[in-house]
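**Q** My structure is stored as protein_28.txt, with compact mmCIF, C-alpha atoms.
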```txt
# COMPACT_ATOMS: atom_id res chain seq x y z
CA MET A 1 0.00 0.00 0.00
CA SER A 2 2.77 2.43 0.90
CA SER A 3 4.42 1.84 -2.46
CA LEU A 4 1.24 2.91 -4.24
CA VAL A 5 0.98 6.03 -2.10
CA TYR A 6 4.62 6.86 -2.81
CA ALA A 7 4.04 6.36 -6.53
CA ALA A 8 1.09 8.75 -6.36
CA PHE A 9 3.27 11.23 -4.49
CA LEU A 10 6.01 11.04 -7.13
CA ALA A 11 3.53 11.29 -10.00
CA SER A 12 1.87 14.37 -8.51
CA GLY A 13 5.22 16.03 -7.87
CA TRP A 14 6.51 15.26 -11.35
CA LEU A 15 3.38 16.65 -13.01
CA LEU A 16 3.59 19.85 -10.97
CA LEU A 17 7.26 20.28 -11.80
CA TYR A 18 6.58 19.62 -15.48
CA THR A 19 3.66 22.07 -15.59
CA PHE A 20 5.43 25.08 -14.10
CA VAL A 21 9.09 24.43 -14.94
CA GLY A 22 9.62 21.60 -17.41
CA TYR A 23 7.10 22.59 -20.06
CA PRO A 24 7.99 26.32 -20.08
CA ALA A 25 11.71 25.46 -20.21
CA GLY A 26 11.17 23.02 -23.08
CA VAL A 27 9.15 25.52 -25.12
CA TRP A 28 11.72 28.24 -24.43
CA MET A 29 14.54 25.99 -25.67
CA LEU A 30 12.54 25.05 -28.76
CA ALA A 31 11.94 28.73 -29.50
CA ARG A 32 15.69 29.39 -29.29
CA LEU A 33 16.85 26.35 -31.22
CA ARG A 34 14.13 26.18 -33.89
CA PRO A 35 12.39 29.55 -34.16
CA GLN A 36 9.70 29.87 -36.80
CA ARG A 37 9.88 33.13 -38.70
CA ILE A 38 6.92 35.28 -39.73
CA ASP A 39 6.76 37.08 -43.07
CA LYS A 40 5.44 40.44 -41.87
CA GLN A 41 4.43 43.04 -44.46
CA ASN A 42 3.00 46.53 -44.22
CA LEU A 43 -0.48 45.92 -45.65
CA THR A 44 -3.74 47.79 -45.02
CA PRO A 45 -6.76 45.54 -45.67
CA THR A 46 -10.17 46.75 -44.57
CA VAL A 47 -10.80 46.12 -40.87
CA SER A 48 -13.89 45.64 -38.74
CA ALA A 49 -13.18 46.48 -35.11
CA ILE A 50 -15.67 44.56 -32.96
CA ILE A 51 -16.53 45.40 -29.37
CA VAL A 52 -19.03 43.26 -27.47
CA VAL A 53 -20.13 45.14 -24.37
CA ARG A 54 -22.55 44.76 -21.50
CA GLU A 55 -23.14 47.79 -19.29
CA GLY A 56 -20.19 49.70 -20.73
CA ALA A 57 -21.39 53.28 -20.31
CA LEU A 58 -18.31 54.25 -18.32
CA HIS A 59 -15.90 53.25 -21.09
CA ILE A 60 -17.61 53.15 -24.50
CA ARG A 61 -17.00 56.73 -25.63
CA GLU A 62 -13.39 56.65 -24.51
CA LYS A 63 -12.91 53.32 -26.29
CA ILE A 64 -14.29 54.58 -29.59
CA THR A 65 -12.12 57.68 -29.30
CA ASN A 66 -9.12 55.44 -28.65
CA LEU A 67 -9.83 53.45 -31.82
CA GLY A 68 -9.76 56.76 -33.67
CA THR A 69 -6.10 57.22 -32.67
CA LEU A 70 -4.92 54.06 -34.46
CA THR A 71 -2.25 54.78 -37.06
CA TYR A 72 -4.23 53.01 -39.76
CA PRO A 73 -6.18 54.54 -42.67
CA ARG A 74 -9.41 55.76 -41.08
CA GLU A 75 -11.46 55.03 -44.19
CA ARG A 76 -10.46 51.36 -44.00
CA ILE A 77 -11.83 50.80 -40.48
CA GLU A 78 -15.39 50.27 -39.38
CA ILE A 79 -16.35 49.97 -35.72
CA ILE A 80 -19.12 47.62 -34.62
CA VAL A 81 -20.42 47.94 -31.07
CA ALA A 82 -22.56 44.97 -30.06
CA CYS A 83 -24.56 45.92 -26.96
CA ASP A 84 -25.54 42.76 -25.09
CA GLY A 85 -28.71 43.71 -23.26
CA CYS A 86 -27.25 46.98 -21.98
CA ARG A 87 -29.50 48.91 -19.58
CA ASP A 88 -27.09 51.72 -18.75
CA GLY A 89 -27.34 53.79 -21.93
CA THR A 90 -24.32 52.28 -23.69
CA PRO A 91 -26.02 52.17 -27.15
CA ARG A 92 -27.08 55.82 -26.90
CA LEU A 93 -23.61 56.93 -25.82
CA ALA A 94 -21.98 54.98 -28.65
CA LYS A 95 -24.28 56.65 -31.18
CA LEU A 96 -23.48 60.08 -29.77
CA VAL A 97 -19.81 59.71 -30.68
CA ASN A 98 -19.15 61.83 -33.74
CA ASP A 99 -17.71 59.03 -35.88
CA PRO A 100 -19.58 57.84 -38.99
CA ARG A 101 -17.65 54.58 -38.94
CA VAL A 102 -19.50 53.41 -35.83
CA ARG A 103 -22.37 50.94 -36.13
CA VAL A 104 -24.31 49.87 -33.05
CA LEU A 105 -26.03 46.50 -32.78
CA GLU A 106 -28.56 46.46 -29.96
CA PHE A 107 -29.77 43.26 -28.30
CA GLY A 108 -32.71 43.92 -26.00
CA THR A 109 -32.00 40.91 -23.79
CA PRO A 110 -28.58 39.46 -22.96
CA GLN A 111 -27.46 36.96 -25.59
CA GLY A 112 -23.99 36.18 -24.28
CA LYS A 113 -20.71 37.22 -25.84
CA ALA A 114 -20.55 34.28 -28.26
CA ALA A 115 -23.95 35.03 -29.82
CA CYS A 116 -23.13 38.75 -30.06
CA LEU A 117 -19.81 37.98 -31.74
CA ASN A 118 -21.56 35.76 -34.26
CA SER A 119 -24.00 38.56 -35.12
CA ALA A 120 -21.29 41.22 -35.25
CA VAL A 121 -19.08 39.16 -37.56
CA ALA A 122 -22.07 38.41 -39.81
CA ALA A 123 -22.62 42.17 -40.12
CA ALA A 124 -18.93 42.99 -40.61
CA LYS A 125 -17.59 44.08 -43.99
CA GLY A 126 -13.86 44.19 -43.29
CA GLU A 127 -11.38 41.64 -44.54
CA VAL A 128 -9.81 41.53 -41.07
CA LEU A 129 -11.54 41.38 -37.69
CA LEU A 130 -10.02 43.33 -34.82
CA MET A 131 -11.41 41.87 -31.61
CA THR A 132 -11.15 44.07 -28.55
CA ASP A 133 -12.90 44.68 -25.25
CA VAL A 134 -14.37 47.95 -24.07
CA ARG A 135 -12.12 48.68 -21.10
CA GLN A 136 -8.61 48.48 -22.55
CA THR A 137 -6.69 51.28 -24.26
CA LEU A 138 -4.87 50.29 -27.47
CA ALA A 139 -1.50 51.66 -28.59
CA PRO A 140 -1.72 53.65 -31.83
CA ILE A 141 0.42 51.13 -33.74
CA ALA A 142 -1.36 48.05 -32.35
CA LEU A 143 -3.57 47.38 -35.37
CA ARG A 144 -0.75 47.86 -37.90
CA GLU A 145 1.47 45.42 -36.01
CA LEU A 146 -1.25 42.77 -35.87
CA VAL A 147 -2.23 43.12 -39.52
CA ALA A 148 1.41 42.94 -40.62
CA ASN A 149 1.56 39.41 -39.18
CA LEU A 150 -1.56 38.37 -41.11
CA ALA A 151 0.32 39.08 -44.34
CA ASP A 152 1.93 35.69 -43.73
CA PRO A 153 -0.55 33.07 -45.03
CA GLN A 154 0.58 30.64 -42.32
CA VAL A 155 -0.59 33.02 -39.57
CA GLY A 156 -4.28 32.76 -38.73
CA ILE A 157 -4.45 34.96 -35.62
CA ALA A 158 -2.16 37.63 -34.22
CA SER A 159 -2.68 38.51 -30.56
CA GLY A 160 -1.37 41.55 -28.74
CA GLU A 161 0.14 42.10 -25.32
CA VAL A 162 -1.76 43.51 -22.34
CA LEU A 163 0.15 45.72 -19.92
CA TYR A 164 -1.34 46.26 -16.48
CA THR A 165 -1.34 49.52 -14.56
CA ASP A 166 -2.34 50.50 -11.01
CA ASN A 167 -0.34 47.70 -9.41
CA HIS A 168 -0.57 49.33 -5.98
CA SER A 169 -1.67 46.50 -3.69
CA GLY A 170 0.34 43.39 -2.92
CA PHE A 171 -2.41 41.32 -4.56
CA ALA A 172 -2.21 43.30 -7.81
CA GLN A 173 1.58 43.05 -7.83
CA GLY A 174 1.33 39.28 -7.42
CA ILE A 175 -1.06 38.97 -10.36
CA ALA A 176 1.22 41.21 -12.42
CA THR A 177 4.15 38.89 -11.65
CA TYR A 178 2.10 35.87 -12.73
CA TRP A 179 1.09 37.67 -15.93
CA ARG A 180 4.73 38.37 -16.82
CA TYR A 181 5.43 34.64 -16.48
CA GLU A 182 2.39 33.87 -18.64
CA LYS A 183 3.40 36.34 -21.36
CA ALA A 184 6.93 34.91 -21.53
CA LEU A 185 5.43 31.46 -22.05
CA ARG A 186 3.05 32.69 -24.76
CA LEU A 187 5.92 34.42 -26.56
CA ALA A 188 8.00 31.22 -26.51
CA GLU A 189 5.02 29.21 -27.78
CA SER A 190 4.52 31.75 -30.55
CA GLN A 191 8.16 31.77 -31.61
CA SER A 192 8.24 27.97 -31.71
CA GLY A 193 4.87 27.49 -33.41
CA SER A 194 1.54 28.55 -31.91
CA THR A 195 0.05 29.75 -28.66
CA VAL A 196 -3.07 28.02 -27.36
CA SER A 197 -5.03 31.14 -26.43
CA VAL A 198 -5.19 34.86 -27.08
CA SER A 199 -6.14 37.93 -25.09
CA SER A 200 -9.73 38.97 -25.75
CA ALA A 201 -8.53 42.55 -25.27
CA LEU A 202 -6.61 42.58 -28.54
CA TYR A 203 -6.33 40.13 -31.43
CA ALA A 204 -6.89 40.11 -35.17
CA MET A 205 -7.88 37.45 -37.69
CA ARG A 206 -9.24 37.15 -41.22
CA ARG A 207 -13.02 37.41 -41.35
CA LEU A 208 -13.37 34.43 -43.71
CA GLN A 209 -11.65 32.18 -41.15
CA PHE A 210 -14.15 32.92 -38.39
CA GLU A 211 -16.56 30.08 -37.63
CA PRO A 212 -19.75 30.79 -35.67
CA LEU A 213 -19.38 29.95 -32.00
CA PRO A 214 -21.67 27.55 -30.12
CA PRO A 215 -24.23 29.52 -28.08
CA GLY A 216 -23.07 30.08 -24.55
CA THR A 217 -19.35 29.63 -25.28
CA MET A 218 -17.52 31.08 -22.30
CA LEU A 219 -13.96 31.20 -23.68
CA GLU A 220 -14.04 32.35 -27.27
CA ASP A 221 -10.45 33.54 -26.82
CA VAL A 222 -9.41 29.89 -26.42
CA LEU A 223 -11.81 28.11 -28.78
CA ILE A 224 -11.24 30.45 -31.74
CA PRO A 225 -7.42 30.14 -31.73
CA LEU A 226 -7.57 26.36 -31.24
CA ARG A 227 -9.88 26.12 -34.24
CA ILE A 228 -7.35 28.13 -36.22
CA THR A 229 -4.47 25.83 -35.29
CA ALA A 230 -6.65 22.84 -36.20
CA SER A 231 -7.02 24.37 -39.69
CA GLY A 232 -3.22 24.30 -40.07
CA ARG A 233 -2.44 27.95 -39.34
CA ARG A 234 -0.44 29.53 -36.56
CA VAL A 235 -1.63 31.64 -33.65
CA ILE A 236 1.10 34.08 -32.75
CA PHE A 237 1.84 36.60 -30.01
CA GLU A 238 2.90 40.07 -31.14
CA PRO A 239 4.57 41.95 -28.25
CA ARG A 240 4.65 45.23 -30.20
CA ALA A 241 0.84 45.39 -30.32
CA LEU A 242 0.02 46.78 -26.90
CA ALA A 243 -3.09 47.34 -24.84
CA TRP A 244 -3.33 48.77 -21.33
CA ASP A 245 -5.69 47.64 -18.60
CA ARG A 246 -5.93 48.03 -14.85
CA LEU A 247 -5.78 45.26 -12.28
CA GLU A 248 -8.23 44.77 -9.47
CA GLN A 249 -6.60 45.65 -6.17
CA ARG A 250 -8.31 42.99 -4.06
CA ALA A 251 -8.85 39.28 -4.52
CA GLU A 252 -12.57 39.62 -3.79
CA GLU A 253 -12.98 41.91 -6.79
CA ASP A 254 -10.98 39.68 -9.12
CA ARG A 255 -12.24 36.22 -8.12
CA PRO A 256 -15.49 36.10 -10.19
CA ARG A 257 -13.49 36.62 -13.40
CA ARG A 258 -10.90 33.99 -12.42
CA VAL A 259 -13.56 31.43 -11.56
CA TYR A 260 -15.41 32.17 -14.80
CA TYR A 261 -12.27 31.74 -16.89
CA ALA A 262 -11.28 28.48 -15.21
CA ALA A 263 -14.82 27.08 -15.50
CA GLY A 264 -14.75 27.96 -19.18
CA HIS A 265 -12.01 25.39 -19.76
CA TYR A 266 -14.22 22.67 -18.32
CA GLN A 267 -16.99 23.81 -20.64
CA LEU A 268 -14.62 23.54 -23.62
CA SER A 269 -14.19 19.80 -23.06
CA ARG A 270 -17.95 19.46 -23.52
CA LEU A 271 -18.36 21.90 -26.42
CA ALA A 272 -15.28 20.72 -28.34
CA PRO A 273 -14.23 17.21 -27.22
CA TRP A 274 -11.83 17.04 -30.16
CA LEU A 275 -9.52 19.29 -28.16
CA LEU A 276 -8.72 16.30 -25.94
CA SER A 277 -7.65 14.13 -28.88
CA PRO A 278 -3.97 14.08 -29.95
CA GLN A 279 -5.14 13.00 -33.41
CA ASN A 280 -7.50 15.95 -33.91
CA ASN A 281 -5.80 18.72 -31.97
CA PRO A 282 -2.38 19.58 -33.47
CA VAL A 283 -1.41 21.52 -30.35
CA TRP A 284 -2.77 18.89 -27.97
CA LEU A 285 0.41 18.67 -25.89
CA ARG A 286 0.54 22.45 -25.49
CA PHE A 287 -3.16 22.62 -24.62
CA VAL A 288 -2.82 19.91 -21.98
CA SER A 289 0.44 21.31 -20.59
CA HIS A 290 -0.50 24.98 -20.59
CA LYS A 291 -4.19 24.77 -19.72
CA LEU A 292 -5.46 21.45 -18.40
CA LEU A 293 -2.60 20.61 -16.06
CA ARG A 294 -2.93 24.03 -14.46
CA LEU A 295 -6.57 23.24 -13.76
CA ALA A 296 -5.43 20.00 -12.14
CA THR A 297 -2.84 21.76 -9.97
CA PRO A 298 -4.97 22.18 -6.80
CA TRP A 299 -5.88 18.49 -6.87
CA LEU A 300 -2.29 17.44 -7.56
CA LEU A 301 -1.18 19.56 -4.61
CA LEU A 302 -3.85 18.01 -2.41
CA GLY A 303 -2.84 14.49 -3.43
CA MET A 304 0.84 15.21 -2.91
CA ALA A 305 0.14 16.74 0.51
CA LEU A 306 -1.89 13.75 1.70
CA ALA A 307 0.66 11.26 0.40
CA SER A 308 3.60 13.12 1.94
CA LEU A 309 1.82 13.28 5.32
CA LEU A 310 1.21 9.52 5.25
CA LEU A 311 4.82 8.78 4.34
CA ALA A 312 6.62 11.55 6.20
CA ARG A 313 8.28 9.11 8.59
CA ARG A 314 9.39 6.72 5.86
CA HIS A 315 10.78 8.92 3.11
CA VAL A 316 13.02 11.95 3.48
CA LEU A 317 11.57 13.46 0.30
CA CYS A 318 8.08 13.31 1.79
CA THR A 319 9.34 14.89 5.01
CA ALA A 320 10.91 17.73 3.03
CA THR A 321 7.69 18.16 1.03
CA VAL A 322 5.62 18.48 4.21
CA ALA A 323 8.03 21.12 5.49
CA LEU A 324 7.85 23.01 2.20
CA LEU A 325 4.05 22.91 2.13
CA VAL A 326 3.86 24.09 5.73
CA ALA A 327 6.25 26.94 4.96
CA GLY A 328 4.13 27.92 1.97
CA ALA A 329 0.95 27.80 4.05
CA CYS A 330 2.59 30.03 6.64
CA LEU A 331 3.52 32.56 3.98
CA VAL A 332 -0.05 32.57 2.66
CA ALA A 333 -1.45 32.95 6.19
CA ALA A 334 0.95 35.81 6.89
CA GLY A 335 -0.15 37.57 3.72
CA ARG A 336 -3.83 37.20 4.62
CA LEU A 337 -3.34 38.37 8.21
CA SER A 338 -1.17 41.30 7.20
CA PRO A 339 -1.69 42.40 3.55
CA ALA A 340 1.32 44.71 3.86
CA LEU A 341 3.54 41.60 3.95
CA THR A 342 2.50 40.72 0.38
CA ARG A 343 4.94 43.37 -0.79
CA TRP A 344 7.67 40.89 0.19
CA LEU A 345 8.30 38.69 -2.85
CA PRO A 346 8.09 35.21 -1.19
CA VAL A 347 4.80 36.10 0.50
CA ARG A 348 3.45 37.66 -2.69
CA LEU A 349 4.30 34.63 -4.83
CA ALA A 350 2.87 32.15 -2.30
CA ALA A 351 -0.32 34.17 -1.89
CA THR A 352 -0.80 34.52 -5.65
CA PHE A 353 -0.20 30.81 -6.25
CA PHE A 354 -2.70 29.95 -3.50
CA TYR A 355 -5.29 32.41 -4.83
CA LEU A 356 -5.09 31.19 -8.43
CA ASN A 357 -5.43 27.56 -7.41
CA LEU A 358 -8.25 28.31 -5.00
CA SER A 359 -10.13 29.97 -7.88
CA SER A 360 -9.41 26.96 -10.09
CA ALA A 361 -10.73 24.53 -7.48
CA GLN A 362 -13.80 26.67 -6.94
CA ALA A 363 -14.43 26.73 -10.69
CA LEU A 364 -14.60 22.93 -10.88
CA VAL A 365 -17.04 22.74 -7.98
CA THR A 366 -19.14 25.54 -9.47
CA PHE A 367 -19.19 23.99 -12.92
CA ALA A 368 -20.01 20.52 -11.55
CA ARG A 369 -22.99 21.96 -9.70
CA ARG A 370 -24.10 23.76 -12.88
CA ARG A 371 -24.33 27.08 -11.13
CA GLU A 372 -24.18 30.45 -12.81
CA VAL A 373 -20.48 31.21 -13.28
CA GLY A 374 -20.63 34.54 -15.06
CA PRO A 375 -18.61 37.44 -13.61
```
Kindly return the structure encoded in the file as structure tokens.
**A**
Amino acid sequence: MSSLVYAAFLASGWLLLYTFVGYPAGVWMLARLRPQRIDKQNLTPTVSAIIVVREGALHIREKITNLGTLTYPRERIEIIVACDGCRDGTPRLAKLVNDPRVRVLEFGTPQGKAACLNSAVAAAKGEVLLMTDVRQTLAPIALRELVANLADPQVGIASGEVLYTDNHSGFAQGIATYWRYEKALRLAESQSGSTVSVSSALYAMRRLQFEPLPPGTMLEDVLIPLRITASGRRVIFEPRALAWDRLEQRAEEDRPRRVYYAAGHYQLSRLAPWLLSPQNNPVWLRFVSHKLLRLATPWLLLGMALASLLLARRHVLCTATVALLVAGACLVAAGRLSPALTRWLPVRLAATFFYLNLSSAQALVTFARRREVGP
């Protein structure tokens, strides 16, 4: 019996090490040893900028104004604002903006982002779709940089980089640190082939390559790029195409979005089971390594903790693991009791790791109970 428990302990530890160290290191080495070039060209196809918004009155006028600052021929851009059951005057405010390129699609009752995207793309006239959210500010050159990548016929989607501001609290600084790690991984995936997701805040693709989304799709920014890679094209990360956003300063404010995003990955396995097949998903290993194993992390940690407690007196490695887990728990507890301590890097990293995995675990429970998971 103890041998089986020890095997489970080793398997859990190996998977955790692979997920957060081994896989990123392998992709980074592949990007350095066998980088895949992109044939960028300065082209200006017509573009449909699509914004799906619900209750966006605080940001919609500023967002449309921001799109007007893009260093791209104005006459080659149309702006489609899809208002998903807005009750705060968003459609009226969008129409008041003095920009003839703006078209507003109004949905009286909430349809969900996927349904609104389907309708907006069906109404779009541009050769390229610029997908963006209402809250983020885009750099003037962002659209040109994305479109330049689409000049390469092997590139199906070009995604931009989100930079976060207002990192004042220890919690926000921890999330910012995690995001820097995530962006480095996406860049390495892009340089060595394809990323497995994009940022909904900023990405571009050819309109003819868009396939209507299943109603209720929670993570279009994962399903759309994975469909593109399945068609034989690359999904790349363009660090020169920038968008700015602000981070929530407290975990309580951020958690609904984290739970929603994690639950969306469970939904994907039901909406698109082909993603779990190595034969049908050309980036299966990356999808499993980058996405699914992270969802499994809280349960791997739990299994490793239980196994190490049972075997602490028999194996030195298990004893060391118990000590490490206790130390980590102490750092998390210190950060929760005194938020000022999260400005110390070890406390900040431990607290962020705990928070992200707590949200992931909560997402599974929420999804299994079929509760409402929207933010």
**Q** Kindly assemble as a tab-separated table a list of the region 113-214 of chain A residues that lie within 9 Å of region 66-77 of chain A, each paired with its nearest atom pair and their distance in Å to one decimal, using only C-alpha atoms, sorted first by chain and then by ascending residue number.
**A**
```
residue	atom	partner	partner_atom	distance
A:Gly126	CA	A:Ile77	CA	7.5
A:Thr137	CA	A:Asn66	CA	6.5
A:Leu138	CA	A:Asn66	CA	6.8
A:Ala139	CA	A:Leu70	CA	7.2
A:Pro140	CA	A:Leu70	CA	4.2
A:Ile141	CA	A:Thr71	CA	5.6
A:Ala142	CA	A:Leu70	CA	7.3
A:Leu143	CA	A:Leu70	CA	6.9
A:Arg144	CA	A:Tyr72	CA	6.5
```
**Q** Let's have the selection written as a tab-separated table (two decimals), in the coordinates of the input, with C-alpha atoms.
**A**
```tsv
chain	number	residue	atom	x	y	z
A	126	GLY	CA	-13.86	44.19	-43.29
A	137	THR	CA	-6.69	51.28	-24.26
A	138	LEU	CA	-4.87	50.29	-27.47
A	139	ALA	CA	-1.50	51.66	-28.59
A	140	PRO	CA	-1.72	53.65	-31.83
A	141	ILE	CA	0.42	51.13	-33.74
A	142	ALA	CA	-1.36	48.05	-32.35
A	143	LEU	CA	-3.57	47.38	-35.37
A	144	ARG	CA	-0.75	47.86	-37.90
```
**Q** Residues of region 291-331 of chain A within 7 Å of region 8-16 of chain A: nearest atom pair and distance (Å, one decimal) for each, counting all atoms listed in the file, sorted by chain and number, as JSON lines?
**A**
```
{"residue": "A:Thr297", "atom": "CA", "partner": "A:Leu16", "partner_atom": "CA", "distance": 6.8}
{"residue": "A:Leu300", "atom": "CA", "partner": "A:Ser12", "partner_atom": "CA", "distance": 5.3}
{"residue": "A:Gly303", "atom": "CA", "partner": "A:Ser12", "partner_atom": "CA", "distance": 6.9}
{"residue": "A:Met304", "atom": "CA", "partner": "A:Phe9", "partner_atom": "CA", "distance": 4.9}
{"residue": "A:Ala307", "atom": "CA", "partner": "A:Phe9", "partner_atom": "CA", "distance": 5.5}
{"residue": "A:Ser308", "atom": "CA", "partner": "A:Phe9", "partner_atom": "CA", "distance": 6.7}
```
**Q** Which value, in Å to one decimal, gives the distance between CA of His290 (chain A) and CA of Ala25 (chain A)?
**A** 12.2 Å
**Q** So what do you get for CA of Ile175 (chain A) versus CA of Ala368 (chain A), distance-wise?
**A**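 The value is 26.5 Å.
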**Q** Is it possible to get the residues within 9 Å of (8.1, 37.5, -6.8) (coordinates as in the file, counting only C-alpha atoms) written as a list in words?
**A**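 Returned residue set, sorted by chain then number, is Gln173, Gly174, Thr177, Tyr178, Arg343, Trp344, Leu345, Pro346, Val347, Arg348, Leu349 and Ala350 of chain A.
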**Q** May I ask which of the residues A:Val27, A:Ile224, A:Ala361, A:Ala123 is the closest one to Tyr266 (chain A), counting all atoms listed in the file?
**A**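 Closest to Tyr266 (chain A) of all the choices is A:Ala361.
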**Q** Could you name the residues that touch region 194-196 of chain A at 12 Å or less, counting all atoms listed in the file, but leaving out those on the same chain fewer than 5 positions away, as a count of residues only?
**A** 54
**Q** Would you pick out the contacts of Leu163 (chain A) at 7 Å or less, using all atoms listed in the file, so that residues sharing its chain but fewer than 4 positions from it are not included, and give the list as a ChimeraX atom specification?
**A** /A:243-245
**Q** With a cut-off of 9 Å, could you pull out the residues of region 64-150 of chain A touching region 198-201 of chain A and give me the nearest pair of atoms for each, distance in Å to one decimal, using all atoms listed in the file, ordered by chain and ascending number, as a Markdown table?
**A**
```
| residue | atom | partner | partner_atom | distance |
| --- | --- | --- | --- | --- |
| A:Met131 | CA | A:Ser200 | CA | 6.8 |
| A:Thr132 | CA | A:Ala201 | CA | 4.5 |
| A:Asp133 | CA | A:Ala201 | CA | 4.9 |
| A:Val134 | CA | A:Ala201 | CA | 8.0 |
| A:Arg135 | CA | A:Ala201 | CA | 8.2 |
| A:Gln136 | CA | A:Ala201 | CA | 6.5 |
| A:Thr137 | CA | A:Ala201 | CA | 9.0 |
| A:Leu138 | CA | A:Ala201 | CA | 8.8 |
```
**Q** Given the selection you just returned, output its residues as a file containing C-alpha atoms, formatted as a short mmCIF file (atom, residue, chain, number, x, y, z; two decimals), in the frame of the given file.
**A**
```cif
data_model
loop_
_atom_site.label_atom_id
_atom_site.label_comp_id
_atom_site.auth_asym_id
_atom_site.auth_seq_id
_atom_site.Cartn_x
_atom_site.Cartn_y
_atom_site.Cartn_z
CA MET A 131 -11.41 41.87 -31.61
CA THR A 132 -11.15 44.07 -28.55
CA ASP A 133 -12.90 44.68 -25.25
CA VAL A 134 -14.37 47.95 -24.07
CA ARG A 135 -12.12 48.68 -21.10
CA GLN A 136 -8.61 48.48 -22.55
CA THR A 137 -6.69 51.28 -24.26
CA LEU A 138 -4.87 50.29 -27.47
#
```
**Q** When distances are computed from all atoms listed in the file, which of A:Ala114, A:Leu301, A:Leu331, A:Leu93 shows the smallest separation from Met218 (chain A)?
**A** A:Ala114
**Q** Go through region 68-138 of chain A residue by residue and, counting all atoms listed in the file, keep those with an atom at most 7 Å from region 41-63 of chain A; for each kept residue give the shortest atom pair and its distance in Å to one decimal, ordered by chain and increasing number, as a tab-separated table.
**A**
```
residue	atom	partner	partner_atom	distance
A:Arg76	CA	A:Thr46	CA	4.7
A:Ile77	CA	A:Val47	CA	4.8
A:Glu78	CA	A:Ser48	CA	4.9
A:Ile79	CA	A:Ala49	CA	4.8
A:Ile80	CA	A:Ile50	CA	4.9
A:Val81	CA	A:Ile51	CA	4.9
A:Ala82	CA	A:Val52	CA	4.7
A:Cys83	CA	A:Val53	CA	5.2
A:Asp84	CA	A:Arg54	CA	5.1
A:Gly85	CA	A:Arg54	CA	6.5
A:Cys86	CA	A:Glu55	CA	5.0
A:Arg87	CA	A:Glu55	CA	6.5
A:Asp88	CA	A:Glu55	CA	5.6
A:Gly89	CA	A:Ala57	CA	6.2
A:Thr90	CA	A:Ala57	CA	4.6
A:Leu93	CA	A:Arg61	CA	6.6
A:Ala94	CA	A:Arg61	CA	6.1
A:Val97	CA	A:Arg61	CA	6.5
A:Lys113	CA	A:Val52	CA	6.5
A:Cys116	CA	A:Val52	CA	6.6
A:Leu117	CA	A:Val52	CA	6.8
A:Ala120	CA	A:Ile50	CA	6.9
A:Ala124	CA	A:Ser48	CA	6.0
A:Lys125	CA	A:Ser48	CA	6.6
A:Gly126	CA	A:Val47	CA	4.4
A:Glu127	CA	A:Thr46	CA	5.3
A:Val128	CA	A:Val47	CA	4.7
A:Leu129	CA	A:Ser48	CA	5.0
A:Leu130	CA	A:Ala49	CA	4.5
A:Met131	CA	A:Ile50	CA	5.2
A:Thr132	CA	A:Ile51	CA	5.6
A:Asp133	CA	A:Ile51	CA	5.5
A:Val134	CA	A:Lys63	CA	6.0
A:Arg135	CA	A:His59	CA	5.9
A:Thr137	CA	A:Lys63	CA	6.9
```
**Q** In Å to one decimal, how far is CA of Arg180 (chain A) from CA of Gly26 (chain A)?
**A**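 Taking CA of Gly26 (chain A) as the start and CA of Arg180 (chain A) as the end point, the length is 17.8 Å.
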